[in-house]
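**Student:** What follows is a structure written as structure tokens; I'll ask about it next.
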Amino acid sequence: MHWDDIDACLFDLDGVITPTAEVHMRAWDTMFSEFLAARGAAAYTSADYFDHVDGRPRYEGVATLLEAKGIELPQGEPSDPPEAETISGLGNRKDKLFNEILAEEGIQPYPGSVRLLDALAERGTEVAIVSSSKNARAVLEAAGLLDRFEVIIDGQVAAAEGLPGKPQPDTFLAAAERVGVPKERAVVFEDALSGVRAGAAGDFGLVVGVDRGTGADRLREAGADVVVGDLDELVDSVRS
């Protein structure tokens, strides 16, 4: 990492700043396991999450997983209730489960991520959140980090502005533009394959893969220039 060449850091949220990826994984597991079992389909696995769901907008994740399982459902509408047997309904069912877990258990950010944010603030580096989740602000508030990020490009912003989700680079490019930094001087931080692919497709200055279980080799194959197990590994280099 050559920090003299870096003016902005664009962070995915779930699995990079906060361990909400674990909450998402539990909610997806519960929702899909019950749905697939009721249909007599192949069981949902952790590999399904990483291959088809992780990092994608919620409804797209549902559609991608169902396609892999050979199941067809109507798209439905975003207003569909969680009980609806539609792609939107299943996505809303998962969201309901996610918010129930978050409300019951709360969330603490990764300590190493907070230390890196502190170091970047001392250095004066611009930061932004780029998340497919529509719950990004609620998660940041629950983690006590909302005031750290003036620029947040989440699922709600992407939907309102018609920005394609990851693995397309558009949300990251929008974040770089809003912090006023050329993409060549911005770094993408991602734990999801789709997010790493988005960073690589956007031709950013650097793509850092954060290995929370996806696997370092897979992150590199997707386009990560650097892979770390925790953002704390980068703090000393920022302060040197």
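In the structure tokens, each chain is lettered A, B, ... as it comes, each chain's residues begin at 1, and ligands are numbered from 1 in order of appearance.
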Taking the backbone alone, and naming residues the way the document does, which bits of segment 20-152 of chain A are strand (DSSP E or B) by DSSP, as a VMD selection string?

**Tutor:** chain A and resid 126 to 130 151 to 152

**Student:** Would you write out, as CSV, a table of all residues in segment 84-154 of chain A that have an atom no more than 12 Å from an atom of segment 54-59 of chain A, listing for each the closest atom pair and the distance in Å to one decimal, considering only C-alpha atoms and ordering rows by chain and rising residue number?

**Tutor:**
```
residue,atom,partner,partner_atom,distance
A:Thr86,CA,A:Tyr59,CA,9.9
A:Ile87,CA,A:Tyr59,CA,6.3
A:Ser88,CA,A:Tyr59,CA,5.9
A:Gly89,CA,A:Tyr59,CA,8.9
A:Leu90,CA,A:Tyr59,CA,8.0
A:Gly91,CA,A:Tyr59,CA,5.4
A:Asn92,CA,A:Tyr59,CA,8.5
A:Arg93,CA,A:Arg58,CA,10.6
A:Lys94,CA,A:Arg58,CA,8.6
A:Asp95,CA,A:Arg58,CA,8.4
A:Phe98,CA,A:Arg58,CA,11.7
A:Val130,CA,A:Gly55,CA,10.4
A:Ser131,CA,A:Gly55,CA,7.9
A:Ser132,CA,A:Pro57,CA,5.0
A:Ser133,CA,A:Pro57,CA,6.6
A:Lys134,CA,A:Pro57,CA,8.6
A:Asn135,CA,A:Arg58,CA,10.9
A:Asp154,CA,A:Pro57,CA,9.6
```

**Student:** Deliver the residues from the most recent selection as a file, using C-alpha atoms, as a compact mmCIF listing (two decimals), in the first residue's frame.

**Tutor:**
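Final output, saved to part.txt:
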```txt
# COMPACT_ATOMS: atom_id res chain seq x y z
CA THR A 86 -42.26 -13.94 -5.30
CA ILE A 87 -38.65 -12.81 -5.66
CA SER A 88 -39.54 -9.55 -3.94
CA GLY A 89 -41.49 -11.36 -1.24
CA LEU A 90 -38.55 -13.63 -0.42
CA GLY A 91 -36.21 -10.64 -0.36
CA ASN A 92 -38.55 -8.85 2.04
CA ARG A 93 -38.80 -12.00 4.16
CA LYS A 94 -35.02 -12.04 4.50
CA ASP A 95 -34.98 -8.31 5.32
CA PHE A 98 -32.29 -9.39 9.36
CA VAL A 130 -20.67 1.75 -0.73
CA SER A 131 -23.17 -0.93 0.22
CA SER A 132 -25.81 -2.92 -1.61
CA SER A 133 -27.87 -2.99 1.59
CA LYS A 134 -30.83 -0.68 2.05
CA ASN A 135 -30.16 -0.87 5.79
CA ASP A 154 -26.40 2.30 -0.37
```

**Student:** Using only C-alpha atoms, what table do you get, as JSON lines, when you list each residue of segment 41-135 of chain A with an atom no more than 7 Å from segment 224-234 of chain A, its nearest pair of atoms, and their distance in Å rounded to one decimal, rows by chain then rising number?

**Tutor:**
```
{"residue": "A:Gly112", "atom": "CA", "partner": "A:Asp232", "partner_atom": "CA", "distance": 4.1}
{"residue": "A:Ser113", "atom": "CA", "partner": "A:Leu231", "partner_atom": "CA", "distance": 5.2}
{"residue": "A:Arg115", "atom": "CA", "partner": "A:Asp232", "partner_atom": "CA", "distance": 6.5}
{"residue": "A:Leu116", "atom": "CA", "partner": "A:Asp232", "partner_atom": "CA", "distance": 6.1}
```

**Student:** Once you have the residues from the selection above, write them out as a PDB file, in the first residue's frame, restricted to N, CA, C and O atoms.

**Tutor:**
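Everything below was put into again-v8.pdb:
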```pdb
ATOM      1  N   GLY A 112     -10.515  -3.524  14.341  1.00  0.00           N
ATOM      2  CA  GLY A 112      -9.466  -3.174  13.385  1.00  0.00           C
ATOM      3  C   GLY A 112      -9.936  -2.177  12.347  1.00  0.00           C
ATOM      4  O   GLY A 112      -9.162  -1.315  11.897  1.00  0.00           O
ATOM      5  N   SER A 113     -11.206  -2.269  11.977  1.00  0.00           N
ATOM      6  CA  SER A 113     -11.763  -1.318  11.004  1.00  0.00           C
ATOM      7  C   SER A 113     -11.860   0.073  11.612  1.00  0.00           C
ATOM      8  O   SER A 113     -11.584   1.077  10.942  1.00  0.00           O
ATOM      9  N   ARG A 115      -9.941   1.224  13.990  1.00  0.00           N
ATOM     10  CA  ARG A 115      -8.570   1.749  14.087  1.00  0.00           C
ATOM     11  C   ARG A 115      -8.098   2.290  12.744  1.00  0.00           C
ATOM     12  O   ARG A 115      -7.410   3.325  12.693  1.00  0.00           O
ATOM     13  N   LEU A 116      -8.450   1.625  11.649  1.00  0.00           N
ATOM     14  CA  LEU A 116      -8.058   2.140  10.335  1.00  0.00           C
ATOM     15  C   LEU A 116      -8.784   3.444  10.029  1.00  0.00           C
ATOM     16  O   LEU A 116      -8.184   4.388   9.508  1.00  0.00           O
TER      17      LEU A 116
END
```

**Student:** From the DSSP assignment of the backbone, select every residue of segment 38-236 of chain A that is alpha helix (DSSP H), and format the answer as a compact mmCIF listing (two decimals) with N, CA and C atoms, in the first residue's frame.

**Tutor:**
```
# COMPACT_ATOMS: atom_id res chain seq x y z
N ALA A 38 -39.38 -26.58 1.92
CA ALA A 38 -40.81 -26.69 1.62
C ALA A 38 -41.06 -27.10 0.18
N ARG A 39 -40.11 -26.80 -0.70
CA ARG A 39 -40.25 -27.14 -2.12
C ARG A 39 -39.53 -28.44 -2.47
N SER A 46 -23.55 -22.71 2.70
CA SER A 46 -22.74 -21.50 2.82
C SER A 46 -22.11 -21.12 1.48
N ALA A 47 -21.79 -22.12 0.66
CA ALA A 47 -21.25 -21.84 -0.68
C ALA A 47 -22.26 -21.08 -1.53
N ASP A 48 -23.54 -21.39 -1.36
CA ASP A 48 -24.58 -20.67 -2.09
C ASP A 48 -24.53 -19.18 -1.76
N ARG A 58 -30.43 -7.11 -2.79
CA ARG A 58 -31.21 -8.19 -2.19
C ARG A 58 -32.04 -9.00 -3.18
N TYR A 59 -32.85 -8.32 -3.99
CA TYR A 59 -33.71 -9.05 -4.92
C TYR A 59 -32.89 -9.78 -5.99
N GLU A 60 -31.78 -9.16 -6.39
CA GLU A 60 -30.90 -9.82 -7.36
C GLU A 60 -30.29 -11.08 -6.76
N GLY A 61 -29.94 -11.01 -5.47
CA GLY A 61 -29.41 -12.19 -4.80
C GLY A 61 -30.43 -13.32 -4.76
N VAL A 62 -31.68 -12.99 -4.48
CA VAL A 62 -32.74 -14.00 -4.49
C VAL A 62 -32.85 -14.62 -5.87
N ALA A 63 -32.93 -13.77 -6.90
CA ALA A 63 -33.10 -14.27 -8.27
C ALA A 63 -31.94 -15.14 -8.71
N THR A 64 -30.71 -14.73 -8.35
CA THR A 64 -29.52 -15.49 -8.76
C THR A 64 -29.50 -16.87 -8.09
N LEU A 65 -29.84 -16.92 -6.80
CA LEU A 65 -29.86 -18.19 -6.09
C LEU A 65 -30.95 -19.11 -6.63
N LEU A 66 -32.14 -18.57 -6.87
CA LEU A 66 -33.23 -19.38 -7.38
C LEU A 66 -32.90 -19.94 -8.76
N GLU A 67 -32.27 -19.14 -9.59
CA GLU A 67 -31.86 -19.61 -10.91
C GLU A 67 -30.88 -20.78 -10.78
N ALA A 68 -29.95 -20.66 -9.83
CA ALA A 68 -28.98 -21.74 -9.62
C ALA A 68 -29.66 -23.02 -9.14
N ILE A 87 -40.03 -13.20 -5.94
CA ILE A 87 -38.65 -12.81 -5.66
C ILE A 87 -38.61 -11.66 -4.67
N SER A 88 -39.49 -10.69 -4.86
CA SER A 88 -39.54 -9.55 -3.94
C SER A 88 -40.00 -9.99 -2.56
N GLY A 89 -40.99 -10.88 -2.52
CA GLY A 89 -41.49 -11.36 -1.24
C GLY A 89 -40.42 -12.08 -0.44
N LEU A 90 -39.63 -12.93 -1.11
CA LEU A 90 -38.55 -13.63 -0.42
C LEU A 90 -37.48 -12.65 0.06
N GLY A 91 -37.18 -11.65 -0.77
CA GLY A 91 -36.21 -10.64 -0.36
C GLY A 91 -36.70 -9.87 0.86
N ASN A 92 -37.98 -9.56 0.89
CA ASN A 92 -38.55 -8.85 2.04
C ASN A 92 -38.62 -9.75 3.27
N ARG A 93 -38.80 -11.05 3.05
CA ARG A 93 -38.80 -12.00 4.16
C ARG A 93 -37.41 -12.03 4.81
N LYS A 94 -36.39 -12.07 3.97
CA LYS A 94 -35.02 -12.04 4.50
C LYS A 94 -34.76 -10.74 5.24
N ASP A 95 -35.21 -9.60 4.70
CA ASP A 95 -34.98 -8.31 5.32
C ASP A 95 -35.65 -8.24 6.69
N LYS A 96 -36.84 -8.80 6.80
CA LYS A 96 -37.55 -8.84 8.08
C LYS A 96 -36.74 -9.62 9.11
N LEU A 97 -36.22 -10.77 8.71
CA LEU A 97 -35.40 -11.58 9.61
C LEU A 97 -34.14 -10.82 10.04
N PHE A 98 -33.50 -10.15 9.07
CA PHE A 98 -32.29 -9.39 9.36
C PHE A 98 -32.56 -8.32 10.41
N ASN A 99 -33.61 -7.55 10.22
CA ASN A 99 -33.91 -6.47 11.16
C ASN A 99 -34.31 -6.98 12.52
N GLU A 100 -34.95 -8.14 12.57
CA GLU A 100 -35.28 -8.73 13.86
C GLU A 100 -34.02 -9.11 14.63
N ILE A 101 -33.05 -9.71 13.94
CA ILE A 101 -31.79 -10.09 14.59
C ILE A 101 -31.02 -8.85 15.04
N LEU A 102 -30.97 -7.82 14.16
CA LEU A 102 -30.24 -6.59 14.48
C LEU A 102 -30.85 -5.90 15.70
N ALA A 103 -32.19 -5.86 15.76
CA ALA A 103 -32.87 -5.21 16.88
C ALA A 103 -32.63 -5.97 18.19
N GLU A 104 -32.57 -7.28 18.12
CA GLU A 104 -32.39 -8.09 19.32
C GLU A 104 -30.95 -8.09 19.83
N GLU A 105 -30.00 -8.09 18.90
CA GLU A 105 -28.61 -8.31 19.28
C GLU A 105 -27.71 -7.09 19.10
N PRO A 111 -13.07 -3.98 15.51
CA PRO A 111 -12.11 -3.04 16.13
C PRO A 111 -11.01 -2.60 15.16
N GLY A 112 -10.51 -3.52 14.34
CA GLY A 112 -9.47 -3.17 13.38
C GLY A 112 -9.94 -2.18 12.35
N SER A 113 -11.21 -2.27 11.98
CA SER A 113 -11.76 -1.32 11.00
C SER A 113 -11.86 0.07 11.61
N VAL A 114 -12.25 0.15 12.87
CA VAL A 114 -12.33 1.44 13.55
C VAL A 114 -10.94 2.06 13.67
N ARG A 115 -9.94 1.22 13.99
CA ARG A 115 -8.57 1.75 14.09
C ARG A 115 -8.10 2.29 12.74
N LEU A 116 -8.45 1.63 11.65
CA LEU A 116 -8.06 2.14 10.33
C LEU A 116 -8.78 3.44 10.03
N LEU A 117 -10.07 3.52 10.36
CA LEU A 117 -10.81 4.77 10.16
C LEU A 117 -10.19 5.91 10.96
N ASP A 118 -9.75 5.63 12.18
CA ASP A 118 -9.09 6.65 12.99
C ASP A 118 -7.80 7.13 12.31
N ALA A 119 -7.01 6.19 11.80
CA ALA A 119 -5.75 6.53 11.15
C ALA A 119 -6.00 7.34 9.88
N LEU A 120 -7.02 6.97 9.13
CA LEU A 120 -7.35 7.70 7.90
C LEU A 120 -7.84 9.11 8.20
N ALA A 121 -8.58 9.26 9.29
CA ALA A 121 -9.05 10.59 9.70
C ALA A 121 -7.87 11.48 10.07
N GLU A 122 -6.89 10.92 10.78
CA GLU A 122 -5.68 11.68 11.13
C GLU A 122 -4.93 12.10 9.87
N ARG A 123 -4.94 11.26 8.87
CA ARG A 123 -4.22 11.54 7.62
C ARG A 123 -4.99 12.50 6.73
N ALA A 136 -28.06 0.28 5.32
CA ALA A 136 -26.71 0.73 5.67
C ALA A 136 -26.72 1.81 6.75
N ARG A 137 -27.58 2.80 6.62
CA ARG A 137 -27.60 3.87 7.62
C ARG A 137 -28.00 3.36 8.99
N ALA A 138 -28.97 2.46 9.02
CA ALA A 138 -29.41 1.89 10.30
C ALA A 138 -28.28 1.10 10.95
N VAL A 139 -27.54 0.35 10.14
CA VAL A 139 -26.42 -0.43 10.68
C VAL A 139 -25.32 0.50 11.19
N LEU A 140 -24.97 1.52 10.43
CA LEU A 140 -23.94 2.47 10.85
C LEU A 140 -24.35 3.18 12.14
N GLU A 141 -25.62 3.54 12.25
CA GLU A 141 -26.10 4.20 13.47
C GLU A 141 -26.02 3.24 14.65
N ALA A 142 -26.42 1.98 14.44
CA ALA A 142 -26.36 0.99 15.51
C ALA A 142 -24.92 0.75 15.96
N GLY A 155 -28.19 0.79 -0.98
CA GLY A 155 -29.22 0.28 -1.87
C GLY A 155 -30.32 1.26 -2.14
N GLN A 156 -30.63 2.10 -1.16
CA GLN A 156 -31.68 3.10 -1.37
C GLN A 156 -31.24 4.16 -2.37
N VAL A 157 -30.01 4.62 -2.24
CA VAL A 157 -29.48 5.61 -3.19
C VAL A 157 -29.40 5.01 -4.59
N ALA A 158 -28.91 3.78 -4.67
CA ALA A 158 -28.78 3.13 -5.98
C ALA A 158 -30.13 2.99 -6.66
N ALA A 159 -31.15 2.61 -5.90
CA ALA A 159 -32.49 2.46 -6.48
C ALA A 159 -33.04 3.81 -6.93
N ALA A 160 -32.85 4.83 -6.11
CA ALA A 160 -33.39 6.16 -6.44
C ALA A 160 -32.72 6.76 -7.66
N GLU A 161 -31.42 6.46 -7.85
CA GLU A 161 -30.66 7.07 -8.94
C GLU A 161 -30.46 6.12 -10.12
N ASP A 170 -20.70 0.98 -10.84
CA ASP A 170 -21.36 2.29 -10.81
C ASP A 170 -21.49 2.91 -9.42
N THR A 171 -21.81 2.10 -8.40
CA THR A 171 -21.97 2.67 -7.07
C THR A 171 -20.63 3.16 -6.51
N PHE A 172 -19.57 2.43 -6.76
CA PHE A 172 -18.25 2.88 -6.32
C PHE A 172 -17.83 4.15 -7.07
N LEU A 173 -18.11 4.19 -8.37
CA LEU A 173 -17.77 5.38 -9.15
C LEU A 173 -18.53 6.60 -8.64
N ALA A 174 -19.80 6.40 -8.27
CA ALA A 174 -20.61 7.49 -7.74
C ALA A 174 -20.02 8.00 -6.42
N ALA A 175 -19.54 7.08 -5.59
CA ALA A 175 -18.95 7.48 -4.31
C ALA A 175 -17.67 8.28 -4.52
N ALA A 176 -16.83 7.82 -5.44
CA ALA A 176 -15.59 8.55 -5.72
C ALA A 176 -15.89 9.97 -6.21
N GLU A 177 -16.89 10.07 -7.07
CA GLU A 177 -17.27 11.39 -7.58
C GLU A 177 -17.75 12.30 -6.46
N ARG A 178 -18.52 11.74 -5.52
CA ARG A 178 -19.09 12.57 -4.46
C ARG A 178 -18.07 13.00 -3.42
N VAL A 179 -17.01 12.22 -3.24
CA VAL A 179 -15.96 12.67 -2.33
C VAL A 179 -14.94 13.54 -3.06
N LEU A 193 -17.07 -11.33 -3.44
CA LEU A 193 -16.55 -11.50 -4.79
C LEU A 193 -17.18 -10.50 -5.75
N SER A 194 -18.49 -10.29 -5.63
CA SER A 194 -19.15 -9.35 -6.53
C SER A 194 -18.64 -7.93 -6.32
N GLY A 195 -18.32 -7.56 -5.09
CA GLY A 195 -17.79 -6.24 -4.81
C GLY A 195 -16.37 -6.07 -5.31
N VAL A 196 -15.55 -7.11 -5.15
CA VAL A 196 -14.20 -7.07 -5.68
C VAL A 196 -14.24 -6.93 -7.20
N ARG A 197 -15.13 -7.67 -7.82
CA ARG A 197 -15.27 -7.56 -9.29
C ARG A 197 -15.70 -6.16 -9.69
N ALA A 198 -16.55 -5.54 -8.88
CA ALA A 198 -16.98 -4.16 -9.17
C ALA A 198 -15.79 -3.21 -9.09
N GLY A 199 -14.95 -3.38 -8.06
CA GLY A 199 -13.78 -2.53 -7.94
C GLY A 199 -12.82 -2.72 -9.10
N ALA A 200 -12.62 -3.97 -9.50
CA ALA A 200 -11.72 -4.25 -10.63
C ALA A 200 -12.27 -3.67 -11.92
N ALA A 201 -13.59 -3.78 -12.11
CA ALA A 201 -14.22 -3.27 -13.33
C ALA A 201 -14.16 -1.76 -13.42
N ALA A 216 -8.76 -16.12 0.26
CA ALA A 216 -7.84 -15.18 -0.36
C ALA A 216 -7.65 -15.44 -1.85
N ASP A 217 -7.52 -16.69 -2.23
CA ASP A 217 -7.31 -17.02 -3.64
C ASP A 217 -8.49 -16.58 -4.48
N ARG A 218 -9.69 -16.81 -4.00
CA ARG A 218 -10.89 -16.42 -4.76
C ARG A 218 -11.00 -14.90 -4.87
N LEU A 219 -10.63 -14.19 -3.83
CA LEU A 219 -10.65 -12.73 -3.89
C LEU A 219 -9.65 -12.22 -4.91
N ARG A 220 -8.46 -12.82 -4.94
CA ARG A 220 -7.46 -12.41 -5.93
C ARG A 220 -7.93 -12.73 -7.34
N GLU A 221 -8.52 -13.90 -7.52
CA GLU A 221 -9.03 -14.27 -8.84
C GLU A 221 -10.11 -13.30 -9.31
N ALA A 222 -10.88 -12.76 -8.37
CA ALA A 222 -11.94 -11.81 -8.72
C ALA A 222 -11.40 -10.43 -9.04
N VAL A 235 -3.05 -0.38 9.39
CA VAL A 235 -2.97 0.84 10.21
C VAL A 235 -1.55 1.38 10.28
N ASP A 236 -0.58 0.53 10.54
CA ASP A 236 0.80 1.01 10.67
C ASP A 236 1.29 1.66 9.38
```

**Student:** Between atom CA of Arg148 of chain A and atom CA of Gly202 of chain A, what is the distance in Å, rounded to a tenth?

**Tutor:** 24.4 Å
